[in-house]
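The next block is structure29.cif, given as mmCIF, N, CA and C atoms.
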data_my_file
#
loop_
_atom_site.label_atom_id
_atom_site.label_comp_id
_atom_site.auth_asym_id
_atom_site.auth_seq_id
_atom_site.Cartn_x
_atom_site.Cartn_y
_atom_site.Cartn_z
N MET A 1 -16.98 24.20 -17.52
CA MET A 1 -16.78 25.52 -18.11
C MET A 1 -17.85 26.46 -17.56
N HIS A 2 -17.50 27.24 -16.54
CA HIS A 2 -18.45 28.14 -15.91
C HIS A 2 -18.76 29.36 -16.76
N GLU A 3 -18.03 29.55 -17.86
CA GLU A 3 -18.31 30.67 -18.76
C GLU A 3 -19.71 30.57 -19.37
N LEU A 4 -20.22 29.36 -19.56
CA LEU A 4 -21.59 29.20 -20.06
C LEU A 4 -22.59 29.80 -19.09
N ALA A 5 -22.44 29.51 -17.82
CA ALA A 5 -23.34 30.05 -16.80
C ALA A 5 -23.19 31.57 -16.70
N ILE A 6 -21.97 32.06 -16.83
CA ILE A 6 -21.75 33.50 -16.79
C ILE A 6 -22.47 34.18 -17.93
N ILE A 7 -22.36 33.62 -19.14
CA ILE A 7 -23.02 34.22 -20.31
C ILE A 7 -24.54 34.17 -20.14
N GLN A 8 -25.06 33.05 -19.66
CA GLN A 8 -26.51 32.97 -19.45
C GLN A 8 -26.98 34.05 -18.48
N ASP A 9 -26.27 34.22 -17.37
CA ASP A 9 -26.63 35.26 -16.40
C ASP A 9 -26.47 36.65 -16.99
N LEU A 10 -25.40 36.86 -17.74
CA LEU A 10 -25.16 38.16 -18.36
C LEU A 10 -26.27 38.51 -19.34
N LEU A 11 -26.66 37.57 -20.18
CA LEU A 11 -27.73 37.83 -21.15
C LEU A 11 -29.06 38.08 -20.45
N ASN A 12 -29.30 37.40 -19.33
CA ASN A 12 -30.52 37.67 -18.56
C ASN A 12 -30.52 39.10 -18.02
N VAL A 13 -29.39 39.53 -17.50
CA VAL A 13 -29.27 40.90 -16.98
C VAL A 13 -29.47 41.91 -18.11
N CYS A 14 -28.87 41.65 -19.26
CA CYS A 14 -29.01 42.54 -20.41
C CYS A 14 -30.46 42.61 -20.88
N GLU A 15 -31.11 41.46 -20.92
CA GLU A 15 -32.50 41.41 -21.35
C GLU A 15 -33.40 42.17 -20.38
N GLU A 16 -33.18 42.01 -19.09
CA GLU A 16 -33.95 42.76 -18.08
C GLU A 16 -33.77 44.26 -18.26
N ASN A 17 -32.52 44.69 -18.49
CA ASN A 17 -32.25 46.11 -18.71
C ASN A 17 -32.92 46.62 -19.98
N ALA A 18 -32.91 45.81 -21.01
CA ALA A 18 -33.55 46.20 -22.26
C ALA A 18 -35.05 46.40 -22.06
N HIS A 19 -35.69 45.47 -21.36
CA HIS A 19 -37.13 45.60 -21.11
C HIS A 19 -37.45 46.84 -20.27
N LYS A 20 -36.63 47.10 -19.26
CA LYS A 20 -36.84 48.27 -18.40
C LYS A 20 -36.70 49.58 -19.18
N ASN A 21 -35.90 49.55 -20.25
CA ASN A 21 -35.65 50.76 -21.04
C ASN A 21 -36.38 50.74 -22.39
N ASN A 22 -37.37 49.84 -22.52
CA ASN A 22 -38.17 49.72 -23.75
C ASN A 22 -37.32 49.52 -25.00
N ALA A 23 -36.27 48.75 -24.88
CA ALA A 23 -35.41 48.44 -26.02
C ALA A 23 -35.77 47.05 -26.56
N ASN A 24 -35.58 46.88 -27.85
CA ASN A 24 -35.88 45.61 -28.51
C ASN A 24 -34.65 44.81 -28.89
N LYS A 25 -33.49 45.48 -28.94
CA LYS A 25 -32.27 44.82 -29.39
C LYS A 25 -31.08 45.25 -28.54
N ILE A 26 -30.21 44.30 -28.33
CA ILE A 26 -28.93 44.57 -27.70
C ILE A 26 -27.91 44.67 -28.83
N LEU A 27 -27.19 45.78 -28.89
CA LEU A 27 -26.22 45.99 -29.95
C LEU A 27 -24.79 45.68 -29.51
N LYS A 28 -24.48 46.03 -28.27
CA LYS A 28 -23.11 45.87 -27.81
C LYS A 28 -23.10 45.62 -26.30
N ILE A 29 -22.27 44.65 -25.91
CA ILE A 29 -22.05 44.36 -24.50
C ILE A 29 -20.55 44.48 -24.27
N GLU A 30 -20.18 45.36 -23.35
CA GLU A 30 -18.77 45.61 -23.09
C GLU A 30 -18.43 45.18 -21.66
N LEU A 31 -17.44 44.30 -21.54
CA LEU A 31 -17.06 43.74 -20.25
C LEU A 31 -15.61 44.07 -19.91
N LYS A 32 -15.34 44.10 -18.62
CA LYS A 32 -13.96 44.17 -18.11
C LYS A 32 -13.73 42.89 -17.32
N ILE A 33 -12.70 42.15 -17.73
CA ILE A 33 -12.38 40.89 -17.07
C ILE A 33 -10.97 40.99 -16.50
N GLY A 34 -10.86 40.85 -15.20
CA GLY A 34 -9.56 40.87 -14.56
C GLY A 34 -8.81 39.57 -14.79
N ARG A 35 -7.50 39.66 -14.89
CA ARG A 35 -6.67 38.48 -15.10
C ARG A 35 -6.81 37.45 -13.98
N LEU A 36 -7.17 37.90 -12.80
CA LEU A 36 -7.33 36.98 -11.67
C LEU A 36 -8.78 36.59 -11.43
N SER A 37 -9.67 36.91 -12.35
CA SER A 37 -11.10 36.63 -12.16
C SER A 37 -11.44 35.15 -12.31
N GLY A 38 -10.59 34.40 -12.97
CA GLY A 38 -10.89 33.00 -13.22
C GLY A 38 -11.75 32.78 -14.45
N VAL A 39 -12.00 33.84 -15.21
CA VAL A 39 -12.82 33.77 -16.42
C VAL A 39 -11.91 33.85 -17.63
N GLU A 40 -12.10 32.91 -18.55
CA GLU A 40 -11.32 32.88 -19.78
C GLU A 40 -12.09 33.58 -20.89
N ALA A 41 -11.52 34.67 -21.40
CA ALA A 41 -12.20 35.50 -22.39
C ALA A 41 -12.58 34.72 -23.65
N HIS A 42 -11.70 33.84 -24.14
CA HIS A 42 -12.01 33.11 -25.37
C HIS A 42 -13.18 32.14 -25.16
N TYR A 43 -13.28 31.54 -23.97
CA TYR A 43 -14.43 30.67 -23.70
C TYR A 43 -15.71 31.49 -23.57
N LEU A 44 -15.58 32.68 -23.02
CA LEU A 44 -16.74 33.56 -22.89
C LEU A 44 -17.26 33.97 -24.27
N HIS A 45 -16.34 34.29 -25.18
CA HIS A 45 -16.73 34.62 -26.56
C HIS A 45 -17.45 33.45 -27.22
N ARG A 46 -16.91 32.25 -27.05
CA ARG A 46 -17.52 31.06 -27.66
C ARG A 46 -18.92 30.81 -27.09
N ALA A 47 -19.05 30.95 -25.79
CA ALA A 47 -20.36 30.76 -25.16
C ALA A 47 -21.34 31.82 -25.65
N PHE A 48 -20.88 33.04 -25.79
CA PHE A 48 -21.73 34.12 -26.27
C PHE A 48 -22.23 33.82 -27.68
N GLU A 49 -21.36 33.37 -28.55
CA GLU A 49 -21.76 33.05 -29.92
C GLU A 49 -22.82 31.95 -29.94
N GLY A 50 -22.72 31.02 -29.02
CA GLY A 50 -23.69 29.94 -28.95
C GLY A 50 -25.05 30.36 -28.44
N PHE A 51 -25.09 31.40 -27.60
CA PHE A 51 -26.35 31.82 -26.98
C PHE A 51 -26.98 33.04 -27.64
N LYS A 52 -26.30 33.66 -28.57
CA LYS A 52 -26.84 34.91 -29.09
C LYS A 52 -27.83 34.74 -30.25
N SER A 53 -28.31 33.54 -30.46
CA SER A 53 -29.27 33.30 -31.55
C SER A 53 -30.64 33.92 -31.26
N GLU A 54 -30.91 34.24 -30.01
CA GLU A 54 -32.16 34.89 -29.66
C GLU A 54 -32.28 36.21 -30.41
N LYS A 55 -33.47 36.56 -30.84
CA LYS A 55 -33.66 37.75 -31.67
C LYS A 55 -33.07 39.02 -31.05
N MET A 56 -33.21 39.17 -29.75
CA MET A 56 -32.72 40.38 -29.09
C MET A 56 -31.19 40.50 -29.20
N PHE A 57 -30.49 39.39 -29.31
CA PHE A 57 -29.03 39.39 -29.30
C PHE A 57 -28.40 39.02 -30.63
N GLU A 58 -29.18 38.77 -31.67
CA GLU A 58 -28.65 38.19 -32.90
C GLU A 58 -27.55 39.02 -33.56
N ASN A 59 -27.57 40.33 -33.42
CA ASN A 59 -26.52 41.17 -34.01
C ASN A 59 -25.62 41.80 -32.95
N ALA A 60 -25.71 41.32 -31.75
CA ALA A 60 -24.95 41.92 -30.65
C ALA A 60 -23.46 41.60 -30.77
N GLU A 61 -22.68 42.54 -30.30
CA GLU A 61 -21.22 42.39 -30.29
C GLU A 61 -20.76 42.33 -28.83
N LEU A 62 -19.88 41.40 -28.53
CA LEU A 62 -19.30 41.27 -27.20
C LEU A 62 -17.87 41.80 -27.25
N ILE A 63 -17.62 42.83 -26.47
CA ILE A 63 -16.29 43.43 -26.40
C ILE A 63 -15.74 43.17 -25.00
N ILE A 64 -14.54 42.61 -24.95
CA ILE A 64 -13.93 42.27 -23.67
C ILE A 64 -12.61 43.02 -23.52
N HIS A 65 -12.49 43.71 -22.40
CA HIS A 65 -11.25 44.39 -22.03
C HIS A 65 -10.62 43.57 -20.90
N ILE A 66 -9.39 43.15 -21.10
CA ILE A 66 -8.68 42.39 -20.08
C ILE A 66 -7.94 43.37 -19.17
N GLN A 67 -8.21 43.25 -17.88
CA GLN A 67 -7.57 44.12 -16.89
C GLN A 67 -6.38 43.41 -16.27
N ASP A 68 -5.22 44.03 -16.38
CA ASP A 68 -4.03 43.49 -15.72
C ASP A 68 -4.20 43.59 -14.21
N VAL A 69 -3.37 42.88 -13.50
CA VAL A 69 -3.38 42.91 -12.05
C VAL A 69 -2.66 44.18 -11.59
N VAL A 70 -3.33 44.94 -10.74
CA VAL A 70 -2.76 46.16 -10.16
C VAL A 70 -2.68 45.95 -8.66
N ILE A 71 -1.52 46.25 -8.11
CA ILE A 71 -1.29 46.02 -6.69
C ILE A 71 -0.91 47.32 -5.98
N LYS A 72 -1.03 47.28 -4.66
CA LYS A 72 -0.47 48.33 -3.81
C LYS A 72 0.47 47.64 -2.84
N CYS A 73 1.69 48.13 -2.77
CA CYS A 73 2.68 47.57 -1.87
C CYS A 73 2.48 48.17 -0.48
N GLU A 74 2.26 47.32 0.49
CA GLU A 74 2.06 47.77 1.87
C GLU A 74 3.38 48.25 2.50
N SER A 75 4.51 47.91 1.90
CA SER A 75 5.81 48.31 2.44
C SER A 75 6.22 49.71 1.99
N CYS A 76 6.16 49.96 0.67
CA CYS A 76 6.65 51.26 0.16
C CYS A 76 5.56 52.15 -0.41
N GLY A 77 4.34 51.62 -0.57
CA GLY A 77 3.23 52.44 -1.08
C GLY A 77 3.09 52.46 -2.58
N PHE A 78 3.97 51.77 -3.30
CA PHE A 78 3.88 51.72 -4.76
C PHE A 78 2.53 51.16 -5.19
N GLU A 79 1.93 51.79 -6.20
CA GLU A 79 0.73 51.26 -6.84
C GLU A 79 1.02 51.11 -8.32
N GLY A 80 0.75 49.93 -8.86
CA GLY A 80 0.97 49.72 -10.28
C GLY A 80 0.77 48.28 -10.66
N GLY A 81 0.97 48.02 -11.93
CA GLY A 81 0.75 46.69 -12.47
C GLY A 81 1.91 45.75 -12.17
N ILE A 82 1.60 44.47 -12.19
CA ILE A 82 2.63 43.45 -12.06
C ILE A 82 2.58 42.56 -13.30
N LYS A 83 3.67 41.95 -13.59
CA LYS A 83 3.77 41.10 -14.77
C LYS A 83 3.64 39.63 -14.40
N LYS A 84 2.91 38.91 -15.22
CA LYS A 84 2.80 37.45 -15.14
C LYS A 84 2.53 36.92 -13.73
N ASN A 85 1.66 37.60 -13.01
CA ASN A 85 1.26 37.17 -11.67
C ASN A 85 2.45 36.94 -10.74
N ARG A 86 3.48 37.72 -10.92
CA ARG A 86 4.64 37.68 -10.02
C ARG A 86 4.40 38.71 -8.92
N PHE A 87 3.98 38.23 -7.77
CA PHE A 87 3.53 39.10 -6.69
C PHE A 87 4.69 39.58 -5.83
N VAL A 88 5.51 40.42 -6.46
CA VAL A 88 6.64 41.06 -5.81
C VAL A 88 6.64 42.51 -6.27
N CYS A 89 6.79 43.44 -5.33
CA CYS A 89 6.83 44.86 -5.66
C CYS A 89 8.03 45.14 -6.56
N ILE A 90 7.79 45.84 -7.66
CA ILE A 90 8.87 46.14 -8.60
C ILE A 90 9.76 47.27 -8.10
N VAL A 91 9.34 47.97 -7.05
CA VAL A 91 10.13 49.06 -6.50
C VAL A 91 11.03 48.59 -5.36
N CYS A 92 10.42 47.93 -4.35
CA CYS A 92 11.20 47.57 -3.16
C CYS A 92 11.43 46.07 -2.99
N GLY A 93 10.78 45.26 -3.82
CA GLY A 93 10.93 43.81 -3.71
C GLY A 93 10.06 43.20 -2.63
N GLY A 94 9.22 44.01 -2.01
CA GLY A 94 8.35 43.53 -0.94
C GLY A 94 7.28 42.58 -1.45
N THR A 95 6.76 41.77 -0.52
CA THR A 95 5.71 40.81 -0.88
C THR A 95 4.41 41.07 -0.12
N ARG A 96 4.36 42.14 0.65
CA ARG A 96 3.11 42.51 1.33
C ARG A 96 2.29 43.37 0.38
N LEU A 97 1.58 42.72 -0.49
CA LEU A 97 0.86 43.40 -1.56
C LEU A 97 -0.64 43.22 -1.41
N LYS A 98 -1.36 44.24 -1.82
CA LYS A 98 -2.82 44.19 -1.85
C LYS A 98 -3.26 44.36 -3.30
N VAL A 99 -4.09 43.46 -3.78
CA VAL A 99 -4.60 43.57 -5.16
C VAL A 99 -5.70 44.62 -5.15
N ILE A 100 -5.54 45.66 -6.00
CA ILE A 100 -6.56 46.72 -6.06
C ILE A 100 -7.33 46.71 -7.39
N ASP A 101 -6.89 45.91 -8.34
CA ASP A 101 -7.64 45.76 -9.59
C ASP A 101 -7.19 44.48 -10.28
N GLY A 102 -8.10 43.89 -11.05
CA GLY A 102 -7.75 42.72 -11.83
C GLY A 102 -8.37 41.42 -11.36
N GLU A 103 -9.30 41.50 -10.41
CA GLU A 103 -9.95 40.28 -9.91
C GLU A 103 -11.40 40.15 -10.34
N GLU A 104 -11.96 41.18 -10.90
CA GLU A 104 -13.40 41.21 -11.11
C GLU A 104 -13.83 40.99 -12.57
N LEU A 105 -15.11 40.78 -12.70
CA LEU A 105 -15.78 40.73 -14.00
C LEU A 105 -16.88 41.78 -13.92
N LEU A 106 -16.78 42.80 -14.76
CA LEU A 106 -17.73 43.91 -14.70
C LEU A 106 -18.39 44.15 -16.04
N LEU A 107 -19.67 44.46 -16.01
CA LEU A 107 -20.37 44.94 -17.20
C LEU A 107 -20.12 46.44 -17.26
N LEU A 108 -19.35 46.87 -18.24
CA LEU A 108 -18.99 48.28 -18.36
C LEU A 108 -20.02 49.09 -19.11
N ARG A 109 -20.58 48.48 -20.16
CA ARG A 109 -21.46 49.24 -21.04
C ARG A 109 -22.42 48.29 -21.75
N LEU A 110 -23.63 48.76 -21.87
CA LEU A 110 -24.65 48.00 -22.59
C LEU A 110 -25.31 48.96 -23.58
N GLU A 111 -25.18 48.65 -24.86
CA GLU A 111 -25.75 49.49 -25.91
C GLU A 111 -26.96 48.76 -26.48
N MET A 112 -28.10 49.45 -26.49
CA MET A 112 -29.34 48.84 -26.98
C MET A 112 -30.18 49.84 -27.75
N GLU A 113 -31.13 49.30 -28.50
CA GLU A 113 -32.06 50.19 -29.23
C GLU A 113 -33.47 49.62 -29.14
#
Can the structure from this file be put into structure tokens for me?
Amino acid sequence: MHELAIIQDLLNVCEENAHKNNANKILKIELKIGRLSGVEAHYLHRAFEGFKSEKMFENAELIIHIQDVVIKCESCGFEGGIKKNRFVCIVCGGTRLKVIDGEELLLLRLEME
């Protein structure tokens, strides 16, 4: 379960940012997780709950936004979402697609005091 390592790294990054900004507590961590990122949001939540006992994170909230897969069709130029990882253009039926969103894990927002 690589979500444990992800949470450990994420909390380290948050803690470094808190120290740089003279903050004592992390209140909210907001993430964007793409459907193709390989990260399972429910495992990430569980790992977060296990690691947030540290004083800086004890009242922190983890908010996760799941990003659908967004493609660009190289045949007709369509840009939009696809359903259930079915990599076929919904406009022309083409399969020459480029993924333009939905593969990453991003820290969107960090709220601290």
For the provided coordinates, the residues matched by the PyMOL selection byres (((chain A and resi 26 and name CA) around 7) and name CA) should be stated as a ChimeraX atom specification. /A:25,27-28,56-57,60,111-113
Going by the chain IDs and residue numbers used in this file, which residues fall under the PyMOL selection byres ((chain A and resi 80) around 5)? Write them as a VMD selection string. chain A and resid 70 to 71 78 to 79 81 to 82
Those selected residues, please, written with N, CA and C atoms and delivered as a CSV table (one decimal), in the coordinates of the input.
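The result, stored in again-v8.csv:
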chain,number,residue,atom,x,y,z
A,70,VAL,N,-3.3,44.9,-10.7
A,70,VAL,CA,-2.8,46.2,-10.2
A,70,VAL,C,-2.7,46.0,-8.7
A,71,ILE,N,-1.5,46.2,-8.1
A,71,ILE,CA,-1.3,46.0,-6.7
A,71,ILE,C,-0.9,47.3,-6.0
A,78,PHE,N,4.0,51.8,-3.3
A,78,PHE,CA,3.9,51.7,-4.8
A,78,PHE,C,2.5,51.2,-5.2
A,79,GLU,N,1.9,51.8,-6.2
A,79,GLU,CA,0.7,51.3,-6.8
A,79,GLU,C,1.0,51.1,-8.3
A,81,GLY,N,1.0,48.0,-11.9
A,81,GLY,CA,0.8,46.7,-12.5
A,81,GLY,C,1.9,45.8,-12.2
A,82,ILE,N,1.6,44.5,-12.2
A,82,ILE,CA,2.6,43.4,-12.1
A,82,ILE,C,2.6,42.6,-13.3
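Near (-21.4, 37.2, -16.8), the residues inside the 10 Å limit, counting only C-alpha atoms, come to His2, Glu3, Leu4, Ala5, Ile6, Ile7, Gln8, Asp9, Leu10, Leu11, Asn12, Val13, Cys14, Leu31, Ile33, Val39, Leu44, Phe48, Leu105, Leu106 and Leu107 of chain A.
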Using the selection just defined, write its residues with N, CA and C atoms as a CSV table (one decimal), in the coordinates of the input.
chain,number,residue,atom,x,y,z
A,2,HIS,N,-17.5,27.2,-16.5
A,2,HIS,CA,-18.4,28.1,-15.9
A,2,HIS,C,-18.8,29.4,-16.8
A,3,GLU,N,-18.0,29.6,-17.9
A,3,GLU,CA,-18.3,30.7,-18.8
A,3,GLU,C,-19.7,30.6,-19.4
A,4,LEU,N,-20.2,29.4,-19.6
A,4,LEU,CA,-21.6,29.2,-20.1
A,4,LEU,C,-22.6,29.8,-19.1
A,5,ALA,N,-22.4,29.5,-17.8
A,5,ALA,CA,-23.3,30.0,-16.8
A,5,ALA,C,-23.2,31.6,-16.7
A,6,ILE,N,-22.0,32.1,-16.8
A,6,ILE,CA,-21.8,33.5,-16.8
A,6,ILE,C,-22.5,34.2,-17.9
A,7,ILE,N,-22.4,33.6,-19.1
A,7,ILE,CA,-23.0,34.2,-20.3
A,7,ILE,C,-24.5,34.2,-20.1
A,8,GLN,N,-25.1,33.0,-19.7
A,8,GLN,CA,-26.5,33.0,-19.4
A,8,GLN,C,-27.0,34.0,-18.5
A,9,ASP,N,-26.3,34.2,-17.4
A,9,ASP,CA,-26.6,35.3,-16.4
A,9,ASP,C,-26.5,36.6,-17.0
A,10,LEU,N,-25.4,36.9,-17.7
A,10,LEU,CA,-25.2,38.2,-18.4
A,10,LEU,C,-26.3,38.5,-19.3
A,11,LEU,N,-26.7,37.6,-20.2
A,11,LEU,CA,-27.7,37.8,-21.2
A,11,LEU,C,-29.1,38.1,-20.4
A,12,ASN,N,-29.3,37.4,-19.3
A,12,ASN,CA,-30.5,37.7,-18.6
A,12,ASN,C,-30.5,39.1,-18.0
A,13,VAL,N,-29.4,39.5,-17.5
A,13,VAL,CA,-29.3,40.9,-17.0
A,13,VAL,C,-29.5,41.9,-18.1
A,14,CYS,N,-28.9,41.6,-19.3
A,14,CYS,CA,-29.0,42.5,-20.4
A,14,CYS,C,-30.5,42.6,-20.9
A,31,LEU,N,-17.4,44.3,-21.5
A,31,LEU,CA,-17.1,43.7,-20.2
A,31,LEU,C,-15.6,44.1,-19.9
A,33,ILE,N,-12.7,42.2,-17.7
A,33,ILE,CA,-12.4,40.9,-17.1
A,33,ILE,C,-11.0,41.0,-16.5
A,39,VAL,N,-12.0,33.8,-15.2
A,39,VAL,CA,-12.8,33.8,-16.4
A,39,VAL,C,-11.9,33.8,-17.6
A,44,LEU,N,-15.6,32.7,-23.0
A,44,LEU,CA,-16.7,33.6,-22.9
A,44,LEU,C,-17.3,34.0,-24.3
A,48,PHE,N,-20.9,33.0,-25.8
A,48,PHE,CA,-21.7,34.1,-26.3
A,48,PHE,C,-22.2,33.8,-27.7
A,105,LEU,N,-15.1,40.8,-12.7
A,105,LEU,CA,-15.8,40.7,-14.0
A,105,LEU,C,-16.9,41.8,-13.9
A,106,LEU,N,-16.8,42.8,-14.8
A,106,LEU,CA,-17.7,43.9,-14.7
A,106,LEU,C,-18.4,44.2,-16.0
A,107,LEU,N,-19.7,44.5,-16.0
A,107,LEU,CA,-20.4,44.9,-17.2
A,107,LEU,C,-20.1,46.4,-17.3
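Our summary of the geometry notes that CA of Gln67 (chain A) is positioned 11.2 Å from CA of Ile100 (chain A).
Between atom C of Ala18 (chain A) and atom C of Arg46 (chain A) there is a distance of 23.0 Å.
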Taking only chain A into account, list the residues labelled strand (DSSP E or B) by DSSP (computed from the backbone), as number ranges by chain. A: 26-34, 61-67, 70-73, 79-81, 97-101, 105-112
Same residues, N, CA and C atoms, output as a compact mmCIF listing (two decimals), in the coordinates of the input:
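Now in again20.txt:
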# COMPACT_ATOMS: atom_id res chain seq x y z
N ILE A 26 -30.21 44.30 -28.33
CA ILE A 26 -28.93 44.57 -27.70
C ILE A 26 -27.91 44.67 -28.83
N LEU A 27 -27.19 45.78 -28.89
CA LEU A 27 -26.22 45.99 -29.95
C LEU A 27 -24.79 45.68 -29.51
N LYS A 28 -24.48 46.03 -28.27
CA LYS A 28 -23.11 45.87 -27.81
C LYS A 28 -23.10 45.62 -26.30
N ILE A 29 -22.27 44.65 -25.91
CA ILE A 29 -22.05 44.36 -24.50
C ILE A 29 -20.55 44.48 -24.27
N GLU A 30 -20.18 45.36 -23.35
CA GLU A 30 -18.77 45.61 -23.09
C GLU A 30 -18.43 45.18 -21.66
N LEU A 31 -17.44 44.30 -21.54
CA LEU A 31 -17.06 43.74 -20.25
C LEU A 31 -15.61 44.07 -19.91
N LYS A 32 -15.34 44.10 -18.62
CA LYS A 32 -13.96 44.17 -18.11
C LYS A 32 -13.73 42.89 -17.32
N ILE A 33 -12.70 42.15 -17.73
CA ILE A 33 -12.38 40.89 -17.07
C ILE A 33 -10.97 40.99 -16.50
N GLY A 34 -10.86 40.85 -15.20
CA GLY A 34 -9.56 40.87 -14.56
C GLY A 34 -8.81 39.57 -14.79
N GLU A 61 -22.68 42.54 -30.30
CA GLU A 61 -21.22 42.39 -30.29
C GLU A 61 -20.76 42.33 -28.83
N LEU A 62 -19.88 41.40 -28.53
CA LEU A 62 -19.30 41.27 -27.20
C LEU A 62 -17.87 41.80 -27.25
N ILE A 63 -17.62 42.83 -26.47
CA ILE A 63 -16.29 43.43 -26.40
C ILE A 63 -15.74 43.17 -25.00
N ILE A 64 -14.54 42.61 -24.95
CA ILE A 64 -13.93 42.27 -23.67
C ILE A 64 -12.61 43.02 -23.52
N HIS A 65 -12.49 43.71 -22.40
CA HIS A 65 -11.25 44.39 -22.03
C HIS A 65 -10.62 43.57 -20.90
N ILE A 66 -9.39 43.15 -21.10
CA ILE A 66 -8.68 42.39 -20.08
C ILE A 66 -7.94 43.37 -19.17
N GLN A 67 -8.21 43.25 -17.88
CA GLN A 67 -7.57 44.12 -16.89
C GLN A 67 -6.38 43.41 -16.27
N VAL A 70 -3.33 44.94 -10.74
CA VAL A 70 -2.76 46.16 -10.16
C VAL A 70 -2.68 45.95 -8.66
N ILE A 71 -1.52 46.25 -8.11
CA ILE A 71 -1.29 46.02 -6.69
C ILE A 71 -0.91 47.32 -5.98
N LYS A 72 -1.03 47.28 -4.66
CA LYS A 72 -0.47 48.33 -3.81
C LYS A 72 0.47 47.64 -2.84
N CYS A 73 1.69 48.13 -2.77
CA CYS A 73 2.68 47.57 -1.87
C CYS A 73 2.48 48.17 -0.48
N GLU A 79 1.93 51.79 -6.20
CA GLU A 79 0.73 51.26 -6.84
C GLU A 79 1.02 51.11 -8.32
N GLY A 80 0.75 49.93 -8.86
CA GLY A 80 0.97 49.72 -10.28
C GLY A 80 0.77 48.28 -10.66
N GLY A 81 0.97 48.02 -11.93
CA GLY A 81 0.75 46.69 -12.47
C GLY A 81 1.91 45.75 -12.17
N LEU A 97 1.58 42.72 -0.49
CA LEU A 97 0.86 43.40 -1.56
C LEU A 97 -0.64 43.22 -1.41
N LYS A 98 -1.36 44.24 -1.82
CA LYS A 98 -2.82 44.19 -1.85
C LYS A 98 -3.26 44.36 -3.30
N VAL A 99 -4.09 43.46 -3.78
CA VAL A 99 -4.60 43.57 -5.16
C VAL A 99 -5.70 44.62 -5.15
N ILE A 100 -5.54 45.66 -6.00
CA ILE A 100 -6.56 46.72 -6.06
C ILE A 100 -7.33 46.71 -7.39
N ASP A 101 -6.89 45.91 -8.34
CA ASP A 101 -7.64 45.76 -9.59
C ASP A 101 -7.19 44.48 -10.28
N LEU A 105 -15.11 40.78 -12.70
CA LEU A 105 -15.78 40.73 -14.00
C LEU A 105 -16.88 41.78 -13.92
N LEU A 106 -16.78 42.80 -14.76
CA LEU A 106 -17.73 43.91 -14.70
C LEU A 106 -18.39 44.15 -16.04
N LEU A 107 -19.67 44.46 -16.01
CA LEU A 107 -20.37 44.94 -17.20
C LEU A 107 -20.12 46.44 -17.26
N LEU A 108 -19.35 46.87 -18.24
CA LEU A 108 -18.99 48.28 -18.36
C LEU A 108 -20.02 49.09 -19.11
N ARG A 109 -20.58 48.48 -20.16
CA ARG A 109 -21.46 49.24 -21.04
C ARG A 109 -22.42 48.29 -21.75
N LEU A 110 -23.63 48.76 -21.87
CA LEU A 110 -24.65 48.00 -22.59
C LEU A 110 -25.31 48.96 -23.58
N GLU A 111 -25.18 48.65 -24.86
CA GLU A 111 -25.75 49.49 -25.91
C GLU A 111 -26.96 48.76 -26.48
N MET A 112 -28.10 49.45 -26.49
CA MET A 112 -29.34 48.84 -26.98
C MET A 112 -30.18 49.84 -27.75
Polymer residues at most 12 Å from (-0.4, 48.2, -3.0) by only C-alpha atoms, as a ChimeraX atom specification: /A:69-82,87-92,94-101
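Relative to atom N of Arg35 (chain A), atom N of Glu61 (chain A) is found at 21.8 Å.
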